[in-house]
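Data file: start-v4.txt. Format and content: compact mmCIF, N, CA and C atoms.
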# COMPACT_ATOMS: atom_id res chain seq x y z
N MET A 1 90.69 256.37 -192.57
CA MET A 1 90.98 255.35 -191.59
C MET A 1 90.68 254.00 -192.21
N THR A 2 91.63 253.11 -192.11
CA THR A 2 91.42 251.78 -192.64
C THR A 2 91.26 250.80 -191.50
N THR A 3 90.70 249.65 -191.84
CA THR A 3 90.53 248.62 -190.82
C THR A 3 91.86 248.21 -190.24
N SER A 4 92.88 248.08 -191.10
CA SER A 4 94.19 247.66 -190.60
C SER A 4 94.79 248.69 -189.65
N ALA A 5 94.55 249.97 -189.91
CA ALA A 5 95.05 251.01 -189.00
C ALA A 5 94.37 250.88 -187.65
N THR A 6 93.06 250.68 -187.65
CA THR A 6 92.33 250.53 -186.40
C THR A 6 92.77 249.27 -185.67
N GLU A 7 92.96 248.17 -186.40
CA GLU A 7 93.42 246.93 -185.78
C GLU A 7 94.80 247.13 -185.17
N SER A 8 95.66 247.86 -185.85
CA SER A 8 96.99 248.15 -185.33
C SER A 8 96.91 248.97 -184.05
N THR A 9 96.01 249.94 -184.03
CA THR A 9 95.83 250.77 -182.84
C THR A 9 95.22 249.95 -181.70
N ILE A 10 94.27 249.08 -182.01
CA ILE A 10 93.71 248.19 -180.99
C ILE A 10 94.83 247.34 -180.40
N ASN A 11 95.69 246.81 -181.25
CA ASN A 11 96.80 245.98 -180.76
C ASN A 11 97.74 246.78 -179.86
N MET A 12 98.04 248.01 -180.24
CA MET A 12 98.92 248.84 -179.44
C MET A 12 98.30 249.12 -178.07
N ILE A 13 97.03 249.50 -178.05
CA ILE A 13 96.35 249.79 -176.79
C ILE A 13 96.26 248.52 -175.94
N SER A 14 95.97 247.41 -176.59
CA SER A 14 95.89 246.13 -175.88
C SER A 14 97.22 245.79 -175.22
N GLU A 15 98.31 245.99 -175.95
CA GLU A 15 99.64 245.72 -175.39
C GLU A 15 99.91 246.59 -174.17
N ILE A 16 99.52 247.85 -174.23
CA ILE A 16 99.70 248.75 -173.08
C ILE A 16 98.90 248.22 -171.88
N LEU A 17 97.66 247.86 -172.13
CA LEU A 17 96.80 247.36 -171.04
C LEU A 17 97.37 246.09 -170.43
N ILE A 18 97.87 245.22 -171.27
CA ILE A 18 98.41 243.94 -170.79
C ILE A 18 99.72 244.15 -170.05
N GLU A 19 100.60 244.98 -170.60
CA GLU A 19 101.91 245.19 -170.00
C GLU A 19 101.86 246.09 -168.76
N MET A 20 101.21 247.23 -168.88
CA MET A 20 101.21 248.20 -167.77
C MET A 20 100.29 247.80 -166.63
N PHE A 21 99.12 247.29 -167.00
CA PHE A 21 98.10 247.04 -165.99
C PHE A 21 97.90 245.55 -165.72
N GLU A 22 98.67 244.73 -166.40
CA GLU A 22 98.69 243.28 -166.19
C GLU A 22 97.33 242.61 -166.36
N PHE A 23 96.58 243.07 -167.37
CA PHE A 23 95.32 242.42 -167.69
C PHE A 23 95.60 241.13 -168.42
N PRO A 24 94.85 240.08 -168.16
CA PRO A 24 94.96 238.87 -168.97
C PRO A 24 94.53 239.20 -170.40
N ALA A 25 95.25 238.70 -171.37
CA ALA A 25 94.98 239.01 -172.78
C ALA A 25 93.55 238.71 -173.17
N GLU A 26 92.96 237.65 -172.61
CA GLU A 26 91.59 237.29 -172.99
C GLU A 26 90.56 238.30 -172.51
N GLU A 27 90.91 239.16 -171.57
CA GLU A 27 89.98 240.20 -171.10
C GLU A 27 90.04 241.47 -171.94
N VAL A 28 91.07 241.60 -172.74
CA VAL A 28 91.26 242.81 -173.54
C VAL A 28 90.78 242.52 -174.96
N GLN A 29 89.51 242.83 -175.19
CA GLN A 29 88.85 242.57 -176.47
C GLN A 29 88.29 243.87 -177.04
N GLY A 30 88.12 243.93 -178.34
CA GLY A 30 87.62 245.13 -178.99
C GLY A 30 86.27 245.60 -178.48
N HIS A 31 85.42 244.66 -178.07
CA HIS A 31 84.08 245.02 -177.60
C HIS A 31 84.06 245.42 -176.12
N THR A 32 85.19 245.28 -175.43
CA THR A 32 85.25 245.61 -174.00
C THR A 32 85.24 247.12 -173.82
N ARG A 33 84.42 247.59 -172.91
CA ARG A 33 84.36 249.03 -172.63
C ARG A 33 85.63 249.44 -171.90
N MET A 34 86.18 250.56 -172.28
CA MET A 34 87.41 251.05 -171.66
C MET A 34 87.21 251.27 -170.16
N GLN A 35 86.01 251.68 -169.74
CA GLN A 35 85.76 251.90 -168.32
C GLN A 35 85.84 250.59 -167.53
N ASP A 36 85.62 249.46 -168.18
CA ASP A 36 85.76 248.18 -167.51
C ASP A 36 87.22 247.77 -167.37
N LEU A 37 88.07 248.33 -168.21
CA LEU A 37 89.51 248.03 -168.15
C LEU A 37 90.24 249.03 -167.26
N LEU A 38 89.91 250.29 -167.42
CA LEU A 38 90.56 251.36 -166.64
C LEU A 38 89.63 251.70 -165.49
N THR A 39 89.77 250.97 -164.41
CA THR A 39 88.77 251.03 -163.34
C THR A 39 88.98 252.14 -162.32
N ASP A 40 90.13 252.80 -162.35
CA ASP A 40 90.30 253.92 -161.42
C ASP A 40 90.96 255.10 -162.13
N SER A 41 90.89 256.24 -161.49
CA SER A 41 91.37 257.49 -162.10
C SER A 41 92.86 257.46 -162.43
N LEU A 42 93.66 256.82 -161.60
CA LEU A 42 95.09 256.75 -161.86
C LEU A 42 95.37 255.96 -163.14
N MET A 43 94.65 254.89 -163.36
CA MET A 43 94.81 254.10 -164.58
C MET A 43 94.47 254.95 -165.81
N VAL A 44 93.41 255.73 -165.70
CA VAL A 44 92.99 256.59 -166.81
C VAL A 44 94.09 257.61 -167.12
N VAL A 45 94.62 258.24 -166.08
CA VAL A 45 95.67 259.24 -166.27
C VAL A 45 96.92 258.60 -166.88
N GLU A 46 97.31 257.45 -166.37
CA GLU A 46 98.50 256.77 -166.90
C GLU A 46 98.31 256.40 -168.37
N MET A 47 97.13 255.90 -168.73
CA MET A 47 96.86 255.55 -170.12
C MET A 47 96.90 256.80 -171.00
N ALA A 48 96.31 257.88 -170.55
CA ALA A 48 96.31 259.13 -171.32
C ALA A 48 97.74 259.62 -171.56
N ILE A 49 98.60 259.51 -170.56
CA ILE A 49 99.99 259.95 -170.69
C ILE A 49 100.73 259.08 -171.70
N VAL A 50 100.57 257.77 -171.60
CA VAL A 50 101.26 256.86 -172.52
C VAL A 50 100.79 257.10 -173.95
N LEU A 51 99.50 257.27 -174.15
CA LEU A 51 99.00 257.52 -175.51
C LEU A 51 99.49 258.85 -176.05
N HIS A 52 99.58 259.85 -175.20
CA HIS A 52 100.12 261.14 -175.63
C HIS A 52 101.58 260.99 -176.03
N GLU A 53 102.35 260.24 -175.25
CA GLU A 53 103.76 260.03 -175.58
C GLU A 53 103.94 259.25 -176.88
N ARG A 54 103.14 258.22 -177.09
CA ARG A 54 103.30 257.36 -178.26
C ARG A 54 102.68 257.93 -179.52
N LEU A 55 101.54 258.62 -179.38
CA LEU A 55 100.81 259.08 -180.56
C LEU A 55 100.79 260.59 -180.73
N GLY A 56 101.16 261.32 -179.66
CA GLY A 56 101.11 262.77 -179.73
C GLY A 56 99.70 263.32 -179.68
N LEU A 57 98.75 262.54 -179.16
CA LEU A 57 97.36 262.96 -179.08
C LEU A 57 96.94 263.11 -177.63
N LYS A 58 96.17 264.16 -177.37
CA LYS A 58 95.60 264.32 -176.03
C LYS A 58 94.32 263.49 -175.96
N VAL A 59 94.17 262.81 -174.85
CA VAL A 59 93.01 261.98 -174.61
C VAL A 59 92.42 262.41 -173.28
N ASP A 60 91.11 262.65 -173.25
CA ASP A 60 90.51 263.05 -171.97
C ASP A 60 89.83 261.87 -171.29
N GLU A 61 89.56 262.05 -170.02
CA GLU A 61 89.00 260.98 -169.19
C GLU A 61 87.66 260.48 -169.72
N GLU A 62 86.81 261.39 -170.14
CA GLU A 62 85.49 260.99 -170.64
C GLU A 62 85.61 260.08 -171.85
N GLU A 63 86.53 260.41 -172.73
CA GLU A 63 86.74 259.62 -173.93
C GLU A 63 87.19 258.20 -173.57
N LEU A 64 88.08 258.11 -172.59
CA LEU A 64 88.58 256.81 -172.18
C LEU A 64 87.52 255.97 -171.48
N ARG A 65 86.55 256.60 -170.91
CA ARG A 65 85.53 255.85 -170.17
C ARG A 65 84.29 255.53 -171.02
N ALA A 66 84.01 256.30 -172.03
CA ALA A 66 82.74 256.19 -172.74
C ALA A 66 82.71 255.15 -173.85
N LEU A 67 83.85 254.78 -174.38
CA LEU A 67 83.89 253.95 -175.59
C LEU A 67 84.39 252.55 -175.33
N THR A 68 84.09 251.65 -176.28
CA THR A 68 84.72 250.34 -176.24
C THR A 68 86.15 250.49 -176.74
N LEU A 69 86.96 249.48 -176.57
CA LEU A 69 88.34 249.52 -177.06
C LEU A 69 88.38 249.77 -178.56
N ALA A 70 87.54 249.08 -179.32
CA ALA A 70 87.53 249.26 -180.77
C ALA A 70 87.07 250.67 -181.16
N GLU A 71 86.04 251.18 -180.50
CA GLU A 71 85.56 252.54 -180.79
C GLU A 71 86.63 253.57 -180.46
N PHE A 72 87.30 253.37 -179.34
CA PHE A 72 88.35 254.29 -178.91
C PHE A 72 89.50 254.27 -179.91
N ALA A 73 89.91 253.10 -180.35
CA ALA A 73 90.98 252.99 -181.35
C ALA A 73 90.58 253.69 -182.64
N GLY A 74 89.34 253.51 -183.06
CA GLY A 74 88.86 254.18 -184.27
C GLY A 74 88.87 255.70 -184.13
N ALA A 75 88.49 256.18 -182.96
CA ALA A 75 88.51 257.64 -182.72
C ALA A 75 89.92 258.18 -182.76
N LEU A 76 90.87 257.44 -182.19
CA LEU A 76 92.28 257.88 -182.23
C LEU A 76 92.79 257.90 -183.66
N ASP A 77 92.46 256.86 -184.43
CA ASP A 77 92.90 256.81 -185.82
C ASP A 77 92.31 257.96 -186.63
N ALA A 78 91.04 258.30 -186.39
CA ALA A 78 90.42 259.41 -187.10
C ALA A 78 91.15 260.72 -186.79
N ARG A 79 91.52 260.92 -185.54
CA ARG A 79 92.24 262.13 -185.17
C ARG A 79 93.64 262.15 -185.78
N ARG A 80 94.29 261.02 -185.80
CA ARG A 80 95.63 260.96 -186.39
C ARG A 80 95.58 261.26 -187.88
N THR A 81 94.55 260.79 -188.55
CA THR A 81 94.38 261.02 -189.98
C THR A 81 94.09 262.50 -190.26
N ALA A 82 93.38 263.13 -189.34
CA ALA A 82 93.00 264.54 -189.51
C ALA A 82 94.17 265.49 -189.33
N LEU A 83 95.25 265.03 -188.70
CA LEU A 83 96.39 265.92 -188.45
C LEU A 83 97.15 266.25 -189.70
Just dump the structure as structure tokens.
Amino acid sequence: MTTSATESTINMISEILIEMFEFPAEEVQGHTRMQDLLTDSLMVVEMAIVLHERLGLKVDEEELRALTLAEFAGALDARRTAL
């Protein structure tokens, strides 16, 4: 996993959050906890579906709630690299 790969994944997730959930861009930062962005169960499910469609990876609710945006992006990149 490289920094640029993680930055690219952060950007992709940020774009989803901004476009789908209409978050102001300044609120979507790498240090922001995903649970602060995805505040209800429907948002979590929708994000998991979109990530599965775009990346082919399954994401569970706990993972989406427990990590910061940057940590979550790094975890996704690690899984993608392992495939």
For this session: Would you mind telling me which residue in A:Phe72, A:Lys58, A:Leu64, A:Gly30 lies nearest to Val44 in chain A when using all atoms listed in the file?
Result: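 Answer, going by the shortest atom-to-atom distance: A:Leu64.
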Exercise. What separation in Å, quoted to one decimal, exists between CA of Glu61 in chain A and CA of Gln35 in chain A?
Worked result: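 Rounded to one decimal, the two atoms are 9.7 Å apart.
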For this session: Using backbone DSSP assignments, extract all alpha helix (DSSP H) residues from chain A; output them as a VMD selection string.
Result: chain A and resid 3 to 21 34 to 37 41 to 55 61 to 66 69 to 82
Problem set entry | Which of A:Ala82, A:Leu76, A:Glu26, A:Ser14 sits closest to Val59 in chain A [using only C-alpha atoms] | A:Leu76
Problem set entry | One-decimal distance in Å that lies between CA of Ala25 in chain A and atom C of Leu55 in chain A | 23.7 Å
Problem set entry | Among listed residues A:Leu51, A:Asp36, A:Ala5, A:Glu46, nearest Ala78 in chain A (using only C-alpha atoms) | A:Ala5
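Considering only C-alpha atoms, the residue among A:Glu62, A:Leu17, A:Leu69, A:Asn11 positioned nearest to Ser41 in chain A is A:Glu62.
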For this session: Tell me which of A:Val50, A:Ala70, A:Leu83, A:Leu38 sits closest to Thr9 in chain A, counting only N, CA and C atoms.
Result: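 Of A:Val50, A:Ala70, A:Leu83, A:Leu38, the one nearest Thr9 in chain A is A:Ala70, counting only N, CA and C atoms.
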